[in-house]
>>> print(open('final08.pdb').read())   # PDB, C-alpha atoms
MODEL        1
ATOM      1  CA  MET A   1      31.405 161.409  96.573
ATOM      2  CA  THR A   2      29.241 158.493  97.696
ATOM      3  CA  THR A   3      26.302 159.493  99.886
ATOM      4  CA  ARG A   4      23.955 157.514 102.086
ATOM      5  CA  ASP A   5      21.252 157.671  99.393
ATOM      6  CA  ASP A   6      23.601 155.764  97.055
ATOM      7  CA  MET A   7      23.748 152.778  99.446
ATOM      8  CA  ILE A   8      21.446 149.798  99.067
ATOM      9  CA  LEU A   9      22.751 148.128 102.245
ATOM     10  CA  GLU A  10      24.305 149.573 105.399
ATOM     11  CA  VAL A  11      25.666 147.289 108.097
ATOM     12  CA  ASP A  12      26.313 149.214 111.307
ATOM     13  CA  LYS A  13      28.143 147.697 114.327
ATOM     14  CA  LEU A  14      26.765 144.213 113.750
ATOM     15  CA  ILE A  15      27.377 141.781 116.623
ATOM     16  CA  THR A  16      26.722 138.055 116.183
ATOM     17  CA  SER A  17      27.417 135.436 118.845
ATOM     18  CA  PHE A  18      27.038 131.697 119.296
ATOM     19  CA  GLU A  19      25.991 129.855 122.429
ATOM     20  CA  THR A  20      28.690 127.312 123.289
ATOM     21  CA  ASP A  21      29.820 125.215 126.240
ATOM     22  CA  ARG A  22      32.116 128.125 127.071
ATOM     23  CA  GLY A  23      29.320 130.693 126.993
ATOM     24  CA  MET A  24      28.338 133.253 124.351
ATOM     25  CA  LEU A  25      31.238 133.789 121.950
ATOM     26  CA  ARG A  26      31.339 136.629 119.421
ATOM     27  CA  ALA A  27      31.957 135.569 115.835
ATOM     28  CA  VAL A  28      31.178 139.034 114.401
ATOM     29  CA  ASP A  29      32.322 141.936 116.559
ATOM     30  CA  GLN A  30      30.841 145.347 115.629
ATOM     31  CA  VAL A  31      31.268 144.998 111.875
ATOM     32  CA  SER A  32      30.315 148.012 109.740
ATOM     33  CA  PHE A  33      30.332 148.510 105.969
ATOM     34  CA  SER A  34      28.029 149.619 103.141
ATOM     35  CA  VAL A  35      27.151 148.403  99.664
ATOM     36  CA  PRO A  36      26.620 151.047  96.923
ATOM     37  CA  LEU A  37      23.876 150.671  94.346
ATOM     38  CA  GLY A  38      24.939 148.529  91.386
ATOM     39  CA  LYS A  39      28.436 147.885  92.773
ATOM     40  CA  THR A  40      30.319 144.812  93.997
ATOM     41  CA  VAL A  41      31.773 144.783  97.501
ATOM     42  CA  GLY A  42      34.218 142.005  98.329
ATOM     43  CA  ILE A  43      34.684 140.624 101.838
ATOM     44  CA  VAL A  44      38.051 138.923 102.140
ATOM     45  CA  GLY A  45      39.966 137.156 104.893
ATOM     46  CA  GLU A  46      41.128 133.733 106.036
ATOM     47  CA  SER A  47      38.780 130.974 107.130
ATOM     48  CA  GLY A  48      37.414 131.681 110.587
ATOM     49  CA  CYS A  49      37.430 135.470 110.231
ATOM     50  CA  GLY A  50      33.619 135.816 110.239
ATOM     51  CA  LYS A  51      32.895 136.445 106.550
ATOM     52  CA  SER A  52      30.129 133.878 106.098
ATOM     53  CA  VAL A  53      28.628 134.550 109.539
ATOM     54  CA  THR A  54      28.356 138.223 108.595
ATOM     55  CA  ALA A  55      26.536 137.298 105.375
ATOM     56  CA  MET A  56      24.161 134.884 107.096
ATOM     57  CA  SER A  57      23.460 137.496 109.781
ATOM     58  CA  ILE A  58      22.358 139.967 107.101
ATOM     59  CA  VAL A  59      19.679 137.566 105.818
ATOM     60  CA  ARG A  60      19.056 136.024 109.270
ATOM     61  CA  LEU A  61      19.968 132.473 108.316
ATOM     62  CA  LEU A  62      22.131 131.691 111.333
ATOM     63  CA  PRO A  63      22.110 128.172 112.800
ATOM     64  CA  GLN A  64      19.386 127.955 115.410
ATOM     65  CA  PRO A  65      19.155 128.068 118.367
ATOM     66  CA  ALA A  66      22.899 128.676 118.855
ATOM     67  CA  GLY A  67      23.345 131.727 116.604
ATOM     68  CA  ARG A  68      22.123 135.093 117.882
ATOM     69  CA  ILE A  69      22.399 138.671 116.657
ATOM     70  CA  LEU A  70      23.061 140.726 119.760
ATOM     71  CA  GLY A  71      23.365 144.228 118.354
ATOM     72  CA  GLY A  72      23.739 146.599 115.454
ATOM     73  CA  GLN A  73      21.650 147.468 112.421
ATOM     74  CA  VAL A  74      21.341 146.069 108.899
ATOM     75  CA  ARG A  75      19.523 148.679 106.800
ATOM     76  CA  PHE A  76      18.357 147.409 103.409
ATOM     77  CA  LYS A  77      16.681 150.119 101.336
ATOM     78  CA  GLY A  78      16.146 151.986 104.602
ATOM     79  CA  THR A  79      14.539 149.053 106.450
ATOM     80  CA  ASP A  80      16.333 147.446 109.389
ATOM     81  CA  LEU A  81      16.322 143.720 108.567
ATOM     82  CA  LEU A  82      17.150 142.793 112.158
ATOM     83  CA  ARG A  83      13.767 144.143 113.245
ATOM     84  CA  ALA A  84      11.731 142.723 110.360
ATOM     85  CA  SER A  85       9.252 139.926 111.079
ATOM     86  CA  ASP A  86       9.886 136.347 109.982
ATOM     87  CA  ALA A  87       7.183 136.710 107.319
ATOM     88  CA  GLU A  88       8.827 139.860 105.950
ATOM     89  CA  MET A  89      12.218 138.149 105.844
ATOM     90  CA  ARG A  90      10.774 135.207 103.897
ATOM     91  CA  GLU A  91       9.532 137.673 101.293
ATOM     92  CA  ILE A  92      12.878 139.492 101.137
ATOM     93  CA  ARG A  93      15.053 136.357 100.940
ATOM     94  CA  GLY A  94      14.882 134.993  97.428
ATOM     95  CA  GLY A  95      12.898 138.024  96.312
ATOM     96  CA  ASP A  96      14.793 141.276  96.883
ATOM     97  CA  ILE A  97      17.937 139.602  98.246
ATOM     98  CA  GLY A  98      19.370 136.514  96.542
ATOM     99  CA  VAL A  99      21.930 134.224  98.157
ATOM    100  CA  ILE A 100      24.480 132.091  96.286
ATOM    101  CA  PHE A 101      25.612 129.513  98.820
ATOM    102  CA  GLN A 102      29.143 128.183  99.123
ATOM    103  CA  GLU A 103      28.419 124.515  98.408
ATOM    104  CA  PRO A 104      25.871 123.996  95.599
ATOM    105  CA  MET A 105      25.253 120.332  96.446
ATOM    106  CA  ALA A 106      24.203 121.341  99.948
ATOM    107  CA  ALA A 107      22.095 124.246  98.641
ATOM    108  CA  LEU A 108      20.089 122.024  96.263
ATOM    109  CA  ASN A 109      17.606 119.400  97.419
ATOM    110  CA  PRO A 110      18.938 116.031  96.177
ATOM    111  CA  VAL A 111      15.480 114.384  95.970
ATOM    112  CA  HIS A 112      13.786 117.023  93.779
ATOM    113  CA  ARG A 113      14.330 117.721  90.113
ATOM    114  CA  ILE A 114      16.093 120.935  89.089
ATOM    115  CA  GLY A 115      12.972 122.275  87.395
ATOM    116  CA  ARG A 116      10.840 121.931  90.503
ATOM    117  CA  GLN A 117      13.403 123.743  92.661
ATOM    118  CA  VAL A 118      13.855 126.701  90.316
ATOM    119  CA  ALA A 119      10.132 126.969  89.524
ATOM    120  CA  GLU A 120       9.321 127.052  93.249
ATOM    121  CA  VAL A 121      11.078 130.428  93.555
ATOM    122  CA  PHE A 122       8.692 131.944  91.012
ATOM    123  CA  ARG A 123       5.687 130.260  92.616
ATOM    124  CA  VAL A 124       6.540 131.612  96.076
ATOM    125  CA  HIS A 125       7.629 135.143  95.197
ATOM    126  CA  LYS A 126       5.784 135.903  91.948
ATOM    127  CA  LYS A 127       2.543 134.044  92.754
ATOM    128  CA  ILE A 128       2.190 132.657  89.225
ATOM    129  CA  SER A 129       0.775 129.377  87.898
ATOM    130  CA  LYS A 130       2.739 126.132  87.735
ATOM    131  CA  ARG A 131       2.968 126.307  83.943
ATOM    132  CA  ASP A 132       4.190 129.932  83.952
ATOM    133  CA  ALA A 133       6.657 129.163  86.748
ATOM    134  CA  TRP A 134       8.014 126.183  84.792
ATOM    135  CA  ASP A 135       8.460 128.313  81.660
ATOM    136  CA  ALA A 136      10.150 131.084  83.687
ATOM    137  CA  ALA A 137      12.487 128.541  85.292
ATOM    138  CA  THR A 138      13.438 127.133  81.886
ATOM    139  CA  GLU A 139      14.169 130.641  80.632
ATOM    140  CA  MET A 140      16.285 131.324  83.736
ATOM    141  CA  LEU A 141      18.391 128.229  83.095
ATOM    142  CA  GLN A 142      18.924 129.443  79.559
ATOM    143  CA  ARG A 143      20.052 132.858  80.880
ATOM    144  CA  VAL A 144      22.730 131.253  83.045
ATOM    145  CA  ARG A 145      23.856 129.319  79.955
ATOM    146  CA  ILE A 146      22.773 125.824  80.927
ATOM    147  CA  PRO A 147      22.825 123.775  77.697
ATOM    148  CA  ALA A 148      19.558 122.038  76.756
ATOM    149  CA  PRO A 149      17.636 123.696  79.625
ATOM    150  CA  GLU A 150      14.415 121.757  78.917
ATOM    151  CA  LYS A 151      16.294 118.502  79.511
ATOM    152  CA  ARG A 152      18.177 119.774  82.571
ATOM    153  CA  MET A 153      14.889 120.787  84.178
ATOM    154  CA  MET A 154      14.148 117.057  84.561
ATOM    155  CA  ASP A 155      17.564 116.189  86.039
ATOM    156  CA  TYR A 156      18.443 115.718  89.691
ATOM    157  CA  PRO A 157      21.405 117.647  91.222
ATOM    158  CA  HIS A 158      23.673 114.588  91.226
ATOM    159  CA  HIS A 159      23.318 114.344  87.441
ATOM    160  CA  LEU A 160      25.169 117.651  87.001
ATOM    161  CA  SER A 161      28.811 118.687  87.269
ATOM    162  CA  GLY A 162      30.017 121.107  89.943
ATOM    163  CA  GLY A 163      30.035 124.018  87.514
ATOM    164  CA  MET A 164      26.531 123.218  86.305
ATOM    165  CA  ARG A 165      25.231 122.944  89.872
ATOM    166  CA  GLN A 166      26.747 126.328  90.683
ATOM    167  CA  ARG A 167      24.948 127.831  87.680
ATOM    168  CA  ILE A 168      21.686 126.362  89.000
ATOM    169  CA  VAL A 169      22.317 127.988  92.408
ATOM    170  CA  ILE A 170      22.974 131.302  90.625
ATOM    171  CA  ALA A 171      19.710 130.844  88.705
ATOM    172  CA  LEU A 172      17.875 130.337  92.014
ATOM    173  CA  ALA A 173      19.441 133.475  93.490
ATOM    174  CA  LEU A 174      18.715 135.674  90.459
ATOM    175  CA  ALA A 175      15.315 134.292  89.489
ATOM    176  CA  CYS A 176      13.337 137.240  90.866
ATOM    177  CA  LYS A 177      15.850 139.883  89.728
ATOM    178  CA  PRO A 178      16.975 140.848  93.258
ATOM    179  CA  SER A 179      18.428 144.226  94.147
ATOM    180  CA  LEU A 180      21.210 142.589  96.158
ATOM    181  CA  VAL A 181      22.986 139.241  95.806
ATOM    182  CA  ILE A 182      25.172 137.729  98.514
ATOM    183  CA  ALA A 183      27.641 135.291  96.943
ATOM    184  CA  ASP A 184      29.380 133.187  99.598
ATOM    185  CA  GLU A 185      32.571 131.859  97.985
ATOM    186  CA  PRO A 186      30.749 130.903  94.756
ATOM    187  CA  THR A 187      33.896 129.636  92.995
ATOM    188  CA  THR A 188      35.784 127.866  95.804
ATOM    189  CA  ALA A 189      35.241 124.261  94.688
ATOM    190  CA  LEU A 190      35.588 124.930  90.951
ATOM    191  CA  ASP A 191      38.591 124.603  88.650
ATOM    192  CA  VAL A 192      40.047 127.817  87.240
ATOM    193  CA  THR A 193      38.338 127.545  83.842
ATOM    194  CA  VAL A 194      34.870 127.082  85.325
ATOM    195  CA  GLN A 195      35.677 129.723  87.954
ATOM    196  CA  ALA A 196      36.325 132.282  85.207
ATOM    197  CA  GLN A 197      33.063 131.327  83.483
ATOM    198  CA  ILE A 198      31.071 131.752  86.711
ATOM    199  CA  LEU A 199      32.621 135.162  87.427
ATOM    200  CA  ASP A 200      31.944 136.324  83.855
ATOM    201  CA  LEU A 201      28.369 135.083  84.177
ATOM    202  CA  MET A 202      27.825 137.032  87.408
ATOM    203  CA  LYS A 203      29.248 140.237  85.895
ATOM    204  CA  ARG A 204      27.047 139.867  82.813
ATOM    205  CA  LEU A 205      23.901 139.292  84.839
ATOM    206  CA  GLN A 206      24.805 142.168  87.158
ATOM    207  CA  ALA A 207      25.006 144.477  84.149
ATOM    208  CA  GLU A 208      21.642 143.209  82.865
ATOM    209  CA  ILE A 209      19.760 143.428  86.169
ATOM    210  CA  GLY A 210      21.634 146.324  87.791
ATOM    211  CA  MET A 211      21.986 144.495  91.106
ATOM    212  CA  SER A 212      24.536 145.013  93.859
ATOM    213  CA  ILE A 213      26.752 142.110  94.974
ATOM    214  CA  ILE A 214      28.482 141.137  98.196
ATOM    215  CA  LEU A 215      31.217 138.702  97.157
ATOM    216  CA  ILE A 216      32.747 136.657  99.974
ATOM    217  CA  THR A 217      36.046 134.989  99.146
ATOM    218  CA  HIS A 218      39.557 134.261 100.370
ATOM    219  CA  ASP A 219      40.932 134.718  96.834
ATOM    220  CA  LEU A 220      42.417 138.182  96.284
ATOM    221  CA  GLY A 221      42.686 137.444  92.565
ATOM    222  CA  VAL A 222      38.892 137.182  92.380
ATOM    223  CA  ILE A 223      38.611 140.399  94.419
ATOM    224  CA  ALA A 224      40.915 142.273  92.020
ATOM    225  CA  GLU A 225      38.971 141.094  88.982
ATOM    226  CA  THR A 226      35.415 141.701  90.150
ATOM    227  CA  CYS A 227      35.101 144.111  93.091
ATOM    228  CA  ASP A 228      34.688 147.884  93.317
ATOM    229  CA  GLU A 229      35.285 148.043  97.084
ATOM    230  CA  VAL A 230      36.890 145.649  99.561
ATOM    231  CA  VAL A 231      36.272 144.860 103.230
ATOM    232  CA  VAL A 232      39.139 143.006 104.930
ATOM    233  CA  MET A 233      38.038 140.983 107.958
ATOM    234  CA  TYR A 234      40.222 139.440 110.630
ATOM    235  CA  ALA A 235      39.022 137.550 113.728
ATOM    236  CA  GLY A 236      35.453 138.844 113.471
ATOM    237  CA  ARG A 237      36.370 142.482 112.866
ATOM    238  CA  VAL A 238      36.906 144.802 109.915
ATOM    239  CA  VAL A 239      40.578 145.834 109.858
ATOM    240  CA  GLU A 240      40.513 147.736 106.545
ATOM    241  CA  ARG A 241      37.958 149.071 104.047
ATOM    242  CA  ALA A 242      38.826 150.768 100.779
ATOM    243  CA  PRO A 243      38.143 150.935  97.037
ATOM    244  CA  ALA A 244      39.739 147.916  95.371
ATOM    245  CA  ALA A 245      42.386 149.911  93.486
ATOM    246  CA  THR A 246      43.379 151.773  96.652
ATOM    247  CA  LEU A 247      43.618 148.580  98.688
ATOM    248  CA  PHE A 248      45.937 146.859  96.215
ATOM    249  CA  GLU A 249      48.146 149.918  95.787
ATOM    250  CA  GLN A 250      48.112 151.451  99.277
ATOM    251  CA  ALA A 251      47.186 148.774 101.820
ATOM    252  CA  ARG A 252      47.696 150.192 105.306
ATOM    253  CA  HIS A 253      47.013 147.362 107.749
ATOM    254  CA  ALA A 254      49.678 144.719 108.377
ATOM    255  CA  TYR A 255      47.163 141.900 107.879
ATOM    256  CA  THR A 256      46.082 143.242 104.484
ATOM    257  CA  ARG A 257      49.693 143.654 103.420
ATOM    258  CA  GLY A 258      50.416 140.101 104.562
ATOM    259  CA  LEU A 259      47.585 138.760 102.401
ATOM    260  CA  LEU A 260      48.823 140.711  99.376
ATOM    261  CA  GLU A 261      52.430 139.624  99.842
ATOM    262  CA  SER A 262      51.393 135.965  99.858
ATOM    263  CA  ILE A 263      50.173 136.190  96.253
ATOM    264  CA  PRO A 264      52.649 134.968  93.599
ATOM    265  CA  THR A 265      53.411 137.458  90.818
ATOM    266  CA  LEU A 266      54.887 137.178  87.336
ATOM    267  CA  ASP A 267      58.227 138.224  88.834
ATOM    268  CA  THR A 268      58.194 135.441  91.434
ATOM    269  CA  PRO A 269      61.038 132.990  90.686
ATOM    270  CA  SER A 270      60.021 129.442  89.838
ATOM    271  CA  LYS A 271      59.753 127.063  92.835
ATOM    272  CA  SER A 272      60.403 129.876  95.312
ATOM    273  CA  ILE A 273      58.824 129.731  98.763
ATOM    274  CA  LEU A 274      55.928 132.164  99.022
ATOM    275  CA  LYS A 275      55.581 134.515 101.951
ATOM    276  CA  THR A 276      53.092 133.492 104.626
ATOM    277  CA  ILE A 277      51.560 135.134 107.677
ATOM    278  CA  PRO A 278      52.948 133.434 110.812
ATOM    279  CA  GLY A 279      50.532 131.748 113.207
ATOM    280  CA  MET A 280      46.812 131.323 112.682
ATOM    281  CA  VAL A 281      43.481 132.942 113.516
ATOM    282  CA  ALA A 282      42.701 132.445 117.211
ATOM    283  CA  SER A 283      39.567 130.514 118.168
ATOM    284  CA  LEU A 284      36.532 132.504 119.290
ATOM    285  CA  ALA A 285      37.150 131.613 122.920
ATOM    286  CA  ASP A 286      40.711 132.965 122.776
ATOM    287  CA  HIS A 287      40.066 136.349 121.163
ATOM    288  CA  VAL A 288      41.543 139.312 123.035
ATOM    289  CA  HIS A 289      39.729 142.623 123.427
ATOM    290  CA  GLY A 290      42.545 144.628 121.823
ATOM    291  CA  CYS A 291      44.285 144.194 118.458
ATOM    292  CA  ARG A 292      43.805 140.588 117.428
ATOM    293  CA  PHE A 293      46.497 140.660 114.782
ATOM    294  CA  CYS A 294      48.981 141.721 117.463
ATOM    295  CA  GLN A 295      47.737 138.713 119.432
ATOM    296  CA  ARG A 296      48.548 136.467 116.469
ATOM    297  CA  MET A 297      52.010 137.972 116.103
ATOM    298  CA  GLY A 298      52.753 137.384 119.791
ATOM    299  CA  ARG A 299      53.019 141.048 120.760
ATOM    300  CA  SER A 300      52.358 141.282 124.494
ATOM    301  CA  THR A 301      51.711 145.014 124.746
ATOM    302  CA  SER A 302      48.879 147.400 125.518
ATOM    303  CA  ALA A 303      47.770 146.875 121.887
ATOM    304  CA  THR A 304      46.254 143.524 122.877
ATOM    305  CA  HIS A 305      44.290 145.123 125.738
ATOM    306  CA  GLU A 306      42.716 148.175 124.100
ATOM    307  CA  ARG A 307      40.591 147.813 120.985
ATOM    308  CA  PRO A 308      41.828 149.947 118.051
ATOM    309  CA  VAL A 309      39.321 152.329 116.499
ATOM    310  CA  LEU A 310      38.429 152.019 112.802
ATOM    311  CA  GLU A 311      39.683 155.366 111.505
ATOM    312  CA  GLN A 312      39.399 157.111 108.145
ATOM    313  CA  VAL A 313      42.872 157.716 106.681
ATOM    314  CA  ALA A 314      41.828 158.872 103.191
ATOM    315  CA  PRO A 315      38.556 159.355 101.296
ATOM    316  CA  ASN A 316      36.576 156.102 101.636
ATOM    317  CA  HIS A 317      39.632 154.360 103.150
ATOM    318  CA  TRP A 318      39.284 153.087 106.734
ATOM    319  CA  VAL A 319      41.902 151.244 108.803
ATOM    320  CA  GLU A 320      41.943 149.816 112.314
ATOM    321  CA  ASN A 321      44.386 152.235 113.939
ATOM    322  CA  CYS A 322      46.632 149.876 115.899
ATOM    323  CA  PRO A 323      50.015 151.716 116.062
ATOM    324  CA  LEU A 324      51.866 148.419 115.496
ATOM    325  CA  CYS A 325      49.781 147.208 112.539
ATOM    326  CA  SER A 326      48.765 150.339 110.656
ATOM    327  CA  ALA A 327      51.329 151.829 108.251
ATOM    328  CA  GLY A 328      52.338 155.455 108.661
ATOM    329  CA  ARG A 329      51.717 155.567 112.425
TER     330      ARG A 329
ENDMDL
END
>>> encode(input="final08.pdb", output="structure tokens")
Amino acid sequence: MTTRDDMILEVDKLITSFETDRGMLRAVDQVSFSVPLGKTVGIVGESGCGKSVTAMSIVRLLPQPAGRILGGQVRFKGTDLLRASDAEMREIRGGDIGVIFQEPMAALNPVHRIGRQVAEVFRVHKKISKRDAWDAATEMLQRVRIPAPEKRMMDYPHHLSGGMRQRIVIALALACKPSLVIADEPTTALDVTVQAQILDLMKRLQAEIGMSIILITHDLGVIAETCDEVVVMYAGRVVERAPAATLFEQARHAYTRGLLESIPTLDTPSKSILKTIPGMVASLADHVHGCRFCQRMGRSTSATHERPVLEQVAPNHWVENCPLCSAGR
């Protein structure tokens, strides 16, 4: 049984809001989950469900001054990151926690060579000389299987393909052998062949370094292939948490089941219309206090007025207990 000592990260009732013309709007509404040592936790859901905001809240990289963390705790190795100083967070980010951003072209500086950007990580966090940092950066590019790394060190980001740029971003995130890596949709813009290579690369490096991973994606196929545990988010809340095998075999929440049913299988007839979830995720300003999936489905009942409690239904399996959305109720 997993204990608290086995967790490298614990997110407890995290609340993140944004200042807008319509006031403070919650994008992350009391989200809780944990990441075991050496394991991969996937966060899945449609666009607009709060996955990336949750990740950026953990490392305190929210857009300023609009983004604010209003409550909760984020305990990393026992330290609450929400109460750490800016100087402490600069040491942790890139050092003990690596971040693989969603869009590699936006994550890389277009006016600096690749070598300078990767070497800077070693200079800042390892406090080594320019020559040693350059050699370490070259070795890191070789580890992420960049061909001719000495030559690529002199290239600019626009000289590289999308897959190569994503490998550079992975090299930046893993340069200091972090304990935790947050990968925000690292394969979204890549074709399936390169996507498979990137996922294999991350699994290989995870085995070498022994790091934990938070993998944010909307692709349940990626979740099935790489994750040990899964957090399903909808409209800023966690609606289901479970081990990956349990989630795919015994999904309890209607939203989770809807996501799974939308995936084509080998038995799906050619050119058949795939199942979809009706409606769309409500905007932040339109969120109800109660069950937000009931809101989407147009159910005008008490379920949309009273917030369902996240309840444990089996060992390590938690479901938002809306009587209309949770199976077996």
>>> closest_residue(input="final08.pdb", among="A:Ile43, A:Leu82, A:Val144, A:Leu25", to="Thr226 (chain A)", atoms="all atoms listed in the file")
A:Ile43
>>> residues_around(input="final08.pdb", residues="region 164-173 of chain A", least_positions_apart="6", cutoff="6 Å", atoms="only C-alpha atoms", output="PDB file with C-alpha atoms, keeping the file's coordinate frame")
ATOM      1  CA  GLY A  98      19.370 136.514  96.542  1.00  0.00           C
ATOM      2  CA  VAL A  99      21.930 134.224  98.157  1.00  0.00           C
ATOM      3  CA  ILE A 100      24.480 132.091  96.286  1.00  0.00           C
ATOM      4  CA  PRO A 104      25.871 123.996  95.599  1.00  0.00           C
ATOM      5  CA  VAL A 118      13.855 126.701  90.316  1.00  0.00           C
TER       6      VAL A 118
END
>>> residues_around(input="final08.pdb", residues="Ile114 (chain A)", least_positions_apart="6", cutoff="6 Å", atoms="all atoms listed in the file", output="PyMOL selection string")
chain A and resi 153+155-156
>>> resolve_selection(input="final08.pdb", expression="the PyMOL selection byres ((chain A and resi 139) around 12)", output="list in words")
Gly115, Val118, Ala119, Phe122, Asp132, Ala133, Trp134, Asp135, Ala136, Ala137, Thr138, Met140, Leu141, Gln142, Arg143, Val144, Arg145, Ile146, Pro147, Ala148, Pro149, Glu150, Arg152, Met153, Ala171, Leu172, Leu174 and Ala175 of chain A
>>> residues_around(input="final08.pdb", residues="Gly78 (chain A)", least_positions_apart="6", cutoff="9 Å", atoms="all atoms listed in the file", output="PyMOL selection string")
chain A and resi 8-10
>>> closest_residue(input="final08.pdb", among="A:Val222, A:Val192, A:Val230, A:Val181", to="Gln206 (chain A)", atoms="all atoms listed in the file")
A:Val181
>>> residues_around(input="final08.pdb", residues="Ile216 (chain A)", least_positions_apart="2", cutoff="7 Å", atoms="all atoms listed in the file", output="short mmCIF file (atom, residue, chain, number, x, y, z; two decimals) with C-alpha atoms, keeping the file's coordinate frame")
data_model
loop_
_atom_site.label_atom_id
_atom_site.label_comp_id
_atom_site.auth_asym_id
_atom_site.auth_seq_id
_atom_site.Cartn_x
_atom_site.Cartn_y
_atom_site.Cartn_z
CA GLY A 42 34.22 142.00 98.33
CA ILE A 43 34.68 140.62 101.84
CA VAL A 44 38.05 138.92 102.14
CA LYS A 51 32.90 136.44 106.55
CA ALA A 183 27.64 135.29 96.94
CA ASP A 184 29.38 133.19 99.60
CA GLU A 185 32.57 131.86 97.98
CA ILE A 214 28.48 141.14 98.20
#
>>> resolve_selection(input="final08.pdb", expression="the PyMOL selection byres ((chain A and resi 54-69) around 8)", output="PyMOL selection string")
chain A and resi 14-20+28+50-53+70-71+74+81-82+89+93+182+184
>>> write_last_selection(input="final08.pdb", atoms="C-alpha atoms", output="CSV table (one decimal), keeping the file's coordinate frame")
chain,number,residue,atom,x,y,z
A,14,LEU,CA,26.8,144.2,113.8
A,15,ILE,CA,27.4,141.8,116.6
A,16,THR,CA,26.7,138.1,116.2
A,17,SER,CA,27.4,135.4,118.8
A,18,PHE,CA,27.0,131.7,119.3
A,19,GLU,CA,26.0,129.9,122.4
A,20,THR,CA,28.7,127.3,123.3
A,28,VAL,CA,31.2,139.0,114.4
A,50,GLY,CA,33.6,135.8,110.2
A,51,LYS,CA,32.9,136.4,106.6
A,52,SER,CA,30.1,133.9,106.1
A,53,VAL,CA,28.6,134.6,109.5
A,70,LEU,CA,23.1,140.7,119.8
A,71,GLY,CA,23.4,144.2,118.4
A,74,VAL,CA,21.3,146.1,108.9
A,81,LEU,CA,16.3,143.7,108.6
A,82,LEU,CA,17.2,142.8,112.2
A,89,MET,CA,12.2,138.1,105.8
A,93,ARG,CA,15.1,136.4,100.9
A,182,ILE,CA,25.2,137.7,98.5
A,184,ASP,CA,29.4,133.2,99.6
>>> resolve_selection(input="final08.pdb", expression="the PyMOL selection byres ((chain A and resi 300-316) around 6)", output="list in words")
Ala242, His289, Gly290, Cys291, Arg299, His317, Trp318, Val319, Glu320, Asn321 and Cys322 of chain A
>>> closest_residue(input="final08.pdb", among="A:Pro157, A:Gly258, A:Pro323, A:Gly23", to="Arg116 (chain A)", atoms="all atoms listed in the file")
A:Pro157
>>> residues_around(input="final08.pdb", residues="Gln195 (chain A)", least_positions_apart="2", cutoff="12 Å", atoms="all atoms listed in the file", output="compact mmCIF listing (two decimals) with C-alpha atoms, keeping the file's coordinate frame")
# COMPACT_ATOMS: atom_id res chain seq x y z
CA GLY A 162 30.02 121.11 89.94
CA GLY A 163 30.04 124.02 87.51
CA MET A 164 26.53 123.22 86.30
CA GLN A 166 26.75 126.33 90.68
CA ARG A 167 24.95 127.83 87.68
CA GLU A 185 32.57 131.86 97.98
CA PRO A 186 30.75 130.90 94.76
CA THR A 187 33.90 129.64 93.00
CA THR A 188 35.78 127.87 95.80
CA ALA A 189 35.24 124.26 94.69
CA LEU A 190 35.59 124.93 90.95
CA ASP A 191 38.59 124.60 88.65
CA VAL A 192 40.05 127.82 87.24
CA THR A 193 38.34 127.54 83.84
CA GLN A 197 33.06 131.33 83.48
CA ILE A 198 31.07 131.75 86.71
CA LEU A 199 32.62 135.16 87.43
CA ASP A 200 31.94 136.32 83.86
CA LEU A 201 28.37 135.08 84.18
CA MET A 202 27.82 137.03 87.41
CA ASP A 219 40.93 134.72 96.83
CA GLY A 221 42.69 137.44 92.56
CA VAL A 222 38.89 137.18 92.38
CA GLU A 225 38.97 141.09 88.98
>>> closest_residue(input="final08.pdb", among="A:Leu205, A:Met7, A:Leu284, A:Val35", to="Cys227 (chain A)", atoms="all atoms listed in the file")
A:Val35
>>> atom_distance(input="final08.pdb", atom1="CA of Ala224 (chain A)", atom2="CA of Arg257 (chain A)")
14.5 Å
>>> closest_residue(input="final08.pdb", among="A:Val288, A:Val121, A:Ile213, A:Cys294", to="Leu37 (chain A)", atoms="all atoms listed in the file")
A:Ile213
>>> atom_distance(input="final08.pdb", atom1="CA of Leu274 (chain A)", atom2="CA of Gln295 (chain A)")
22.9 Å
>>> decode(input="final08.pdb", residues="region 192-209 of chain A", atoms="C-alpha atoms", output="mmCIF file, in the first residue's frame")
data_model
loop_
_atom_site.group_PDB
_atom_site.id
_atom_site.type_symbol
_atom_site.label_atom_id
_atom_site.label_comp_id
_atom_site.auth_asym_id
_atom_site.auth_seq_id
_atom_site.Cartn_x
_atom_site.Cartn_y
_atom_site.Cartn_z
ATOM 1 C CA VAL A 192 2.832 9.573 -34.504
ATOM 2 C CA THR A 193 6.297 8.226 -35.349
ATOM 3 C CA VAL A 194 8.120 11.060 -33.594
ATOM 4 C CA GLN A 195 5.568 10.908 -30.767
ATOM 5 C CA ALA A 196 6.484 7.268 -30.115
ATOM 6 C CA GLN A 197 10.193 8.146 -30.146
ATOM 7 C CA ILE A 198 9.688 10.963 -27.620
ATOM 8 C CA LEU A 199 7.660 8.739 -25.278
ATOM 9 C CA ASP A 200 10.273 5.965 -25.498
ATOM 10 C CA LEU A 201 12.986 8.526 -24.791
ATOM 11 C CA MET A 202 11.187 9.794 -21.679
ATOM 12 C CA LYS A 203 10.663 6.252 -20.351
ATOM 13 C CA ARG A 204 14.325 5.396 -20.931
ATOM 14 C CA LEU A 205 15.574 8.516 -19.186
ATOM 15 C CA GLN A 206 13.112 7.973 -16.337
ATOM 16 C CA ALA A 207 14.566 4.506 -15.797
ATOM 17 C CA GLU A 208 18.116 5.910 -15.855
ATOM 18 C CA ILE A 209 17.502 8.849 -13.512
#
